[in-house]
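Text of data.cif (mmCIF, N, CA and C atoms) as supplied:
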data_data
loop_
_atom_site.label_atom_id
_atom_site.label_comp_id
_atom_site.auth_asym_id
_atom_site.auth_seq_id
_atom_site.Cartn_x
_atom_site.Cartn_y
_atom_site.Cartn_z
N MET A 1 -12.37 5.49 3.47
CA MET A 1 -11.93 6.64 2.74
C MET A 1 -12.97 7.76 2.83
N HIS A 2 -14.24 7.39 2.74
CA HIS A 2 -15.28 8.41 2.81
C HIS A 2 -15.24 9.15 4.14
N ARG A 3 -15.04 8.41 5.23
CA ARG A 3 -14.97 9.04 6.56
C ARG A 3 -13.76 9.95 6.64
N TRP A 4 -12.61 9.48 6.13
CA TRP A 4 -11.39 10.28 6.14
C TRP A 4 -11.62 11.60 5.40
N LEU A 5 -12.22 11.52 4.23
CA LEU A 5 -12.45 12.73 3.44
C LEU A 5 -13.47 13.66 4.10
N ALA A 6 -14.49 13.08 4.71
CA ALA A 6 -15.58 13.90 5.27
C ALA A 6 -15.28 14.45 6.66
N GLN A 7 -14.55 13.68 7.50
CA GLN A 7 -14.43 14.06 8.90
C GLN A 7 -13.01 14.33 9.38
N SER A 8 -12.04 13.69 8.80
CA SER A 8 -10.67 13.81 9.31
C SER A 8 -9.98 15.06 8.78
N THR A 9 -9.04 15.57 9.56
CA THR A 9 -8.23 16.70 9.11
C THR A 9 -6.84 16.24 8.70
N ARG A 10 -6.58 14.93 8.83
CA ARG A 10 -5.26 14.42 8.44
C ARG A 10 -5.06 14.56 6.94
N ALA A 11 -3.85 14.90 6.54
CA ALA A 11 -3.55 15.10 5.13
C ALA A 11 -3.39 13.78 4.38
N ARG A 12 -3.02 12.71 5.11
CA ARG A 12 -2.76 11.43 4.45
C ARG A 12 -3.52 10.30 5.13
N LEU A 13 -3.81 9.27 4.33
CA LEU A 13 -4.45 8.05 4.83
C LEU A 13 -3.68 6.86 4.28
N THR A 14 -3.32 5.93 5.16
CA THR A 14 -2.62 4.71 4.75
C THR A 14 -3.61 3.55 4.76
N VAL A 15 -3.65 2.83 3.65
CA VAL A 15 -4.55 1.69 3.50
C VAL A 15 -3.72 0.47 3.14
N GLU A 16 -3.98 -0.66 3.82
CA GLU A 16 -3.32 -1.91 3.47
C GLU A 16 -4.38 -2.89 3.00
N ALA A 17 -4.06 -3.64 1.96
CA ALA A 17 -5.00 -4.63 1.43
C ALA A 17 -4.22 -5.85 0.99
N SER A 18 -4.88 -7.00 1.07
CA SER A 18 -4.24 -8.23 0.59
C SER A 18 -5.22 -9.00 -0.28
N TRP A 19 -4.65 -9.75 -1.21
CA TRP A 19 -5.42 -10.56 -2.13
C TRP A 19 -4.80 -11.96 -2.14
N PRO A 20 -5.03 -12.75 -1.08
CA PRO A 20 -4.35 -14.05 -0.95
C PRO A 20 -4.70 -15.05 -2.04
N SER A 21 -5.87 -14.95 -2.64
CA SER A 21 -6.24 -15.91 -3.67
C SER A 21 -5.92 -15.42 -5.08
N ARG A 22 -5.35 -14.25 -5.19
CA ARG A 22 -4.98 -13.70 -6.50
C ARG A 22 -3.91 -14.57 -7.14
N PRO A 23 -4.08 -14.99 -8.39
CA PRO A 23 -3.09 -15.87 -9.02
C PRO A 23 -1.75 -15.17 -9.27
N GLU A 24 -1.79 -13.89 -9.61
CA GLU A 24 -0.56 -13.14 -9.88
C GLU A 24 -0.16 -12.32 -8.66
N PRO A 25 1.11 -12.27 -8.31
CA PRO A 25 1.54 -11.42 -7.19
C PRO A 25 1.41 -9.95 -7.57
N VAL A 26 1.30 -9.09 -6.56
CA VAL A 26 1.26 -7.65 -6.81
C VAL A 26 2.67 -7.06 -6.78
N GLY A 27 3.63 -7.83 -6.31
CA GLY A 27 5.01 -7.36 -6.26
C GLY A 27 5.91 -8.38 -5.58
N ARG A 28 7.14 -7.95 -5.34
CA ARG A 28 8.12 -8.80 -4.68
C ARG A 28 8.72 -8.02 -3.52
N VAL A 29 9.08 -8.75 -2.45
CA VAL A 29 9.62 -8.12 -1.24
C VAL A 29 10.88 -8.86 -0.83
N LEU A 30 11.87 -8.09 -0.41
CA LEU A 30 13.08 -8.66 0.17
C LEU A 30 13.33 -7.93 1.49
N LEU A 31 13.00 -8.59 2.59
CA LEU A 31 13.22 -8.00 3.91
C LEU A 31 14.71 -8.04 4.23
N GLN A 32 15.17 -7.11 5.05
CA GLN A 32 16.60 -7.05 5.38
C GLN A 32 17.09 -8.36 5.98
N ALA A 33 16.31 -8.97 6.87
CA ALA A 33 16.72 -10.24 7.48
C ALA A 33 16.83 -11.34 6.43
N MET A 34 15.94 -11.32 5.45
CA MET A 34 16.01 -12.31 4.37
C MET A 34 17.28 -12.11 3.55
N MET A 35 17.60 -10.86 3.26
CA MET A 35 18.79 -10.55 2.48
C MET A 35 20.04 -11.00 3.22
N LEU A 36 20.11 -10.70 4.52
CA LEU A 36 21.28 -11.08 5.31
C LEU A 36 21.42 -12.59 5.41
N ALA A 37 20.31 -13.31 5.33
CA ALA A 37 20.34 -14.77 5.38
C ALA A 37 20.59 -15.38 4.00
N GLY A 38 20.76 -14.53 2.99
CA GLY A 38 21.05 -15.02 1.65
C GLY A 38 19.83 -15.50 0.88
N ARG A 39 18.65 -15.12 1.33
CA ARG A 39 17.42 -15.55 0.65
C ARG A 39 17.07 -14.61 -0.49
N GLU A 40 16.27 -15.12 -1.40
CA GLU A 40 15.82 -14.37 -2.57
C GLU A 40 14.54 -13.60 -2.23
N PRO A 41 14.21 -12.57 -3.02
CA PRO A 41 12.94 -11.88 -2.84
C PRO A 41 11.78 -12.86 -3.01
N MET A 42 10.65 -12.55 -2.35
CA MET A 42 9.49 -13.42 -2.46
C MET A 42 8.30 -12.66 -3.04
N ASP A 43 7.45 -13.39 -3.76
CA ASP A 43 6.24 -12.81 -4.31
C ASP A 43 5.27 -12.51 -3.17
N VAL A 44 4.57 -11.39 -3.26
CA VAL A 44 3.57 -11.04 -2.25
C VAL A 44 2.27 -10.63 -2.94
N ARG A 45 1.20 -10.76 -2.19
CA ARG A 45 -0.13 -10.43 -2.68
C ARG A 45 -0.81 -9.43 -1.73
N ALA A 46 -0.02 -8.46 -1.28
CA ALA A 46 -0.53 -7.41 -0.40
C ALA A 46 0.19 -6.10 -0.75
N ALA A 47 -0.48 -4.99 -0.46
CA ALA A 47 0.11 -3.69 -0.78
C ALA A 47 -0.32 -2.65 0.25
N ARG A 48 0.51 -1.64 0.39
CA ARG A 48 0.20 -0.47 1.22
C ARG A 48 0.06 0.71 0.25
N VAL A 49 -1.01 1.46 0.41
CA VAL A 49 -1.27 2.62 -0.43
C VAL A 49 -1.40 3.83 0.48
N ILE A 50 -0.71 4.90 0.14
CA ILE A 50 -0.79 6.14 0.91
C ILE A 50 -1.52 7.17 0.04
N LEU A 51 -2.67 7.60 0.54
CA LEU A 51 -3.47 8.59 -0.17
C LEU A 51 -3.22 9.96 0.43
N LYS A 52 -3.20 10.96 -0.42
CA LYS A 52 -2.98 12.34 0.02
C LYS A 52 -4.21 13.17 -0.35
N ARG A 53 -4.73 13.86 0.63
CA ARG A 53 -5.92 14.70 0.40
C ARG A 53 -5.58 15.77 -0.65
N ASP A 54 -6.47 15.92 -1.63
CA ASP A 54 -6.30 16.93 -2.67
C ASP A 54 -7.68 17.35 -3.17
N PRO A 55 -8.25 18.39 -2.56
CA PRO A 55 -9.60 18.82 -2.92
C PRO A 55 -9.76 19.20 -4.39
N SER A 56 -8.67 19.50 -5.07
CA SER A 56 -8.78 19.89 -6.48
C SER A 56 -8.99 18.69 -7.40
N ARG A 57 -8.82 17.48 -6.89
CA ARG A 57 -9.00 16.27 -7.70
C ARG A 57 -10.46 15.81 -7.64
N ALA A 58 -10.89 15.09 -8.65
CA ALA A 58 -12.29 14.66 -8.76
C ALA A 58 -12.77 13.86 -7.55
N HIS A 59 -11.92 12.97 -7.02
CA HIS A 59 -12.31 12.14 -5.88
C HIS A 59 -11.85 12.71 -4.54
N GLY A 60 -11.15 13.84 -4.55
CA GLY A 60 -10.73 14.49 -3.32
C GLY A 60 -9.38 14.04 -2.79
N PHE A 61 -8.67 13.17 -3.54
CA PHE A 61 -7.36 12.68 -3.11
C PHE A 61 -6.55 12.23 -4.31
N THR A 62 -5.24 12.06 -4.08
CA THR A 62 -4.35 11.45 -5.06
C THR A 62 -3.61 10.31 -4.37
N VAL A 63 -3.08 9.40 -5.16
CA VAL A 63 -2.25 8.33 -4.62
C VAL A 63 -0.85 8.90 -4.45
N HIS A 64 -0.40 9.00 -3.22
CA HIS A 64 0.92 9.55 -2.91
C HIS A 64 2.01 8.49 -3.14
N ALA A 65 1.74 7.26 -2.70
CA ALA A 65 2.71 6.17 -2.87
C ALA A 65 1.98 4.84 -2.74
N THR A 66 2.54 3.82 -3.35
CA THR A 66 2.03 2.46 -3.19
C THR A 66 3.20 1.50 -3.35
N PHE A 67 3.20 0.46 -2.52
CA PHE A 67 4.29 -0.52 -2.61
C PHE A 67 3.84 -1.85 -2.04
N PRO A 68 4.45 -2.94 -2.53
CA PRO A 68 4.11 -4.27 -2.03
C PRO A 68 4.61 -4.45 -0.60
N ILE A 69 3.87 -5.24 0.19
CA ILE A 69 4.27 -5.51 1.57
C ILE A 69 4.09 -6.98 1.88
N HIS A 70 4.83 -7.44 2.88
CA HIS A 70 4.70 -8.81 3.37
C HIS A 70 3.90 -8.77 4.66
N LEU A 71 2.74 -9.41 4.67
CA LEU A 71 1.90 -9.44 5.87
C LEU A 71 2.10 -10.73 6.63
#

Could the structure of this file be written out as structure tokens, please?
Amino acid sequence: MHRWLAQSTRARLTVEASWPSRPEPVGRVLLQAMMLAGREPMDVRAARVILKRDPSRAHGFTVHATFPIHL
């Protein structure tokens, strides 16, 4: 993030993180193929976060979006 803020001209940065040993899931995911196969959503311990550059904010960015993902 520091490099993105200091050197990049891109307006957004996408970050993915996972917490495989976390006891609680960060969300649930239902992939289209799972839905078509009649499967239920599954707990996941990974997320994608999209940061948007915003020089007016204290840290230089805001969280544009975040959602659980299946890795």

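Atom CA of Ala65 of chain A sits 17.3 Å away from atom N of Arg10 of chain A.
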
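The spacing separating atom CA of Val29 of chain A from atom CA of Val49 of chain A amounts to 15.3 Å.
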
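Residue nearest Pro41 of chain A within the list A:Arg53, A:Val15, A:Ile69, A:Met1: A:Ile69 [criterion: smallest interatomic distance, only C-alpha atoms].
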
Sel. of alpha helix (DSSP H) residues, chain A, as a PyMOL selection string: chain A and resi 2-7+32-36

Hits of the PyMOL selection byres ((chain A and resi 68) around 7) in this structure, as a list in words: Val26, Gly27, Arg28, Val29, Val44, Ala46, Ala47, Arg48, Thr66, Phe67, Ile69 and His70 of chain A

Picked residues, the PyMOL selection byres ((chain A and resi 13) around 5), as a PyMOL selection string: chain A and resi 11-12+14-15+50-51

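Relative to atom CA of Val63 of chain A, atom CA of Gln7 of chain A is found at 19.1 Å.
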
Per-residue DSSP, chain A, filtered to strand (DSSP E), as a list in words: Arg12, Leu13, Thr14, Val15, Glu16, Ala17, Ser18, Gly27, Arg28, Val29, Met42, Asp43, Val44, Ala46, Ala47, Arg48, Val49, Ile50, Leu51, Lys52, Arg53, Phe61, Thr62, Val63, His64, Ala65, Thr66, Phe67 and Pro68 of chain A
